[in-house]
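Undergrad: Structure incoming, see below.
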Amino acid sequence: MTDRDRADAHVQRWLPVLPDLDLDVEGAVVRMIHLTRHLRAVKERALADHDLPAHEYDTLHVLAGRAGRAAPSEIADDLRMAPASVTARVDALVRRGFVRRIPSTVDRRRVDVELTDAGRAAWRAALDVQGAEEHRLLGALDPDERRLLSDLLRRVMLLAEKSPR
């Protein structure tokens with residue numbers, strides 16, 4: 001392949017300094033870092049364009065992933081935060097009309113949080129921008145290559161998840 005990217009330039013810059021540098025490891029890691037930064041910037045722009053702070057988007061995302069309804073404790077678990085902190089988020093989302101509090105169907109003492117149509121639309125608008133960029137980038141690969149990339153990254157992730165931090 002003759003096309004060069006910024007990771008190639010990075011590797012070439014460091015090779016004289018670190019002659020034992022593994023070109024493939026360094027290239028892969030630098031590319032993952034740059035792709036992560038790029039996708040994070042796309043997400044931040046999408047959220048700004050849709051007037052949706054990241055913490056609100058994250059809360060809407062959790063709710064959408066739970067079929068649009070969850071107990072505050074479930075939201076807190078998914079976001080890995082204290083339940084009391086979720087209350088403030090939910091209050092803000094209620095004020096914006098993105099969620100509503102409703103009686104639980106499993107415990108009449110409990111209140112659940114439910115996405116409204118406006119909340120689902122706000123979440124989906126930002127999500128669609130991100131998804132379009134992900135598809136644009138991975139469109140450089142054919143379906144078999146995308147599957148292979150996903151499988152290879154899974155192997156690396158499984159090792160990372162086992163490693164002490």
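In the structure tokens, chains take the letters A, B, ... in the order shown, each chain's residues start at 1, and ligands count up from 1 in the order shown.
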Compile the contact shell of stretch 66-81 of chain A as a PyMOL selection string: residues with an atom at most 7 Å away, counting only C-alpha atoms, same-chain residues fewer than 5 positions apart removed.

TA: chain A and resi 86+111-115

Undergrad: Any chance you can output those residues with N, CA, C and O atoms as a CSV table (one decimal), in the first residue's frame?

TA:
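What landed in result_26.csv:
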chain,number,residue,atom,x,y,z
A,86,VAL,N,-28.1,10.7,39.6
A,86,VAL,CA,-29.1,10.5,38.5
A,86,VAL,C,-30.3,11.4,38.6
A,86,VAL,O,-30.8,11.9,37.6
A,111,VAL,N,-40.8,4.7,41.1
A,111,VAL,CA,-41.0,5.5,39.9
A,111,VAL,C,-40.0,5.2,38.8
A,111,VAL,O,-38.8,5.1,39.1
A,112,ASP,N,-40.4,5.0,37.6
A,112,ASP,CA,-39.5,4.8,36.5
A,112,ASP,C,-39.3,6.0,35.7
A,112,ASP,O,-40.1,7.0,35.8
A,113,VAL,N,-38.3,6.0,34.8
A,113,VAL,CA,-38.1,7.1,33.9
A,113,VAL,C,-38.3,6.6,32.5
A,113,VAL,O,-37.9,5.5,32.2
A,114,GLU,N,-39.1,7.4,31.7
A,114,GLU,CA,-39.4,7.0,30.4
A,114,GLU,C,-39.0,8.0,29.4
A,114,GLU,O,-39.3,9.2,29.6
A,115,LEU,N,-38.5,7.6,28.3
A,115,LEU,CA,-38.2,8.5,27.2
A,115,LEU,C,-39.5,9.1,26.6
A,115,LEU,O,-40.4,8.3,26.4

Undergrad: As a VMD selection string, please: all residues of stretch 4-160 of chain A that backbone DSSP puts in strand (DSSP E).

TA: chain A and resid 69 to 70 99 to 103 111 to 115

Undergrad: Between atom CA of A:Leu23 and atom CA of A:Arg4, what is the distance, to one decimal in Å?

TA: 13.6 Å

Undergrad: Expressed in Å to a single decimal, how great is the separation between atom CA of A:Leu60 and atom CA of A:Trp123?

TA: 6.2 Å

Undergrad: Using DSSP assignments from the backbone, pull out every residue in chain A that falls under alpha helix (DSSP H) and give it to me as a PyMOL selection string.

TA: chain A and resi 6-14+23-49+54-65+72-79+83-95+117-138+143-162

Undergrad: Mind pulling up the distance from atom CA of A:Asp128 to atom CA of A:Asp91?

TA: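 Separating atom CA of A:Asp91 from atom CA of A:Asp128 is a distance of 25.3 Å.
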
Undergrad: Name the closest residue to A:Gly131 among the candidates A:His55, A:Gly119, A:Asp22, A:Arg40; distances are taken between atoms, counting only C-alpha atoms.

TA: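 Ranking A:His55, A:Gly119, A:Asp22, A:Arg40 by distance to A:Gly131, first place goes to A:Arg40.
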
Undergrad: My list of candidates is A:Gln130, A:Ser163, A:Ser150, A:Thr105. Which is closest to A:Val42 when distances are computed with only C-alpha atoms?

TA: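 Counting only C-alpha atoms, the residue closest to A:Val42 is A:Gln130.
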
Undergrad: Would you pick out the contacts of A:Leu127 at 10 Å or less, using only C-alpha atoms, so that residues sharing its chain but fewer than 5 positions from it are not included, and give the list as a ChimeraX atom specification?

TA: /A:43,46-47,57,61,121-122,132
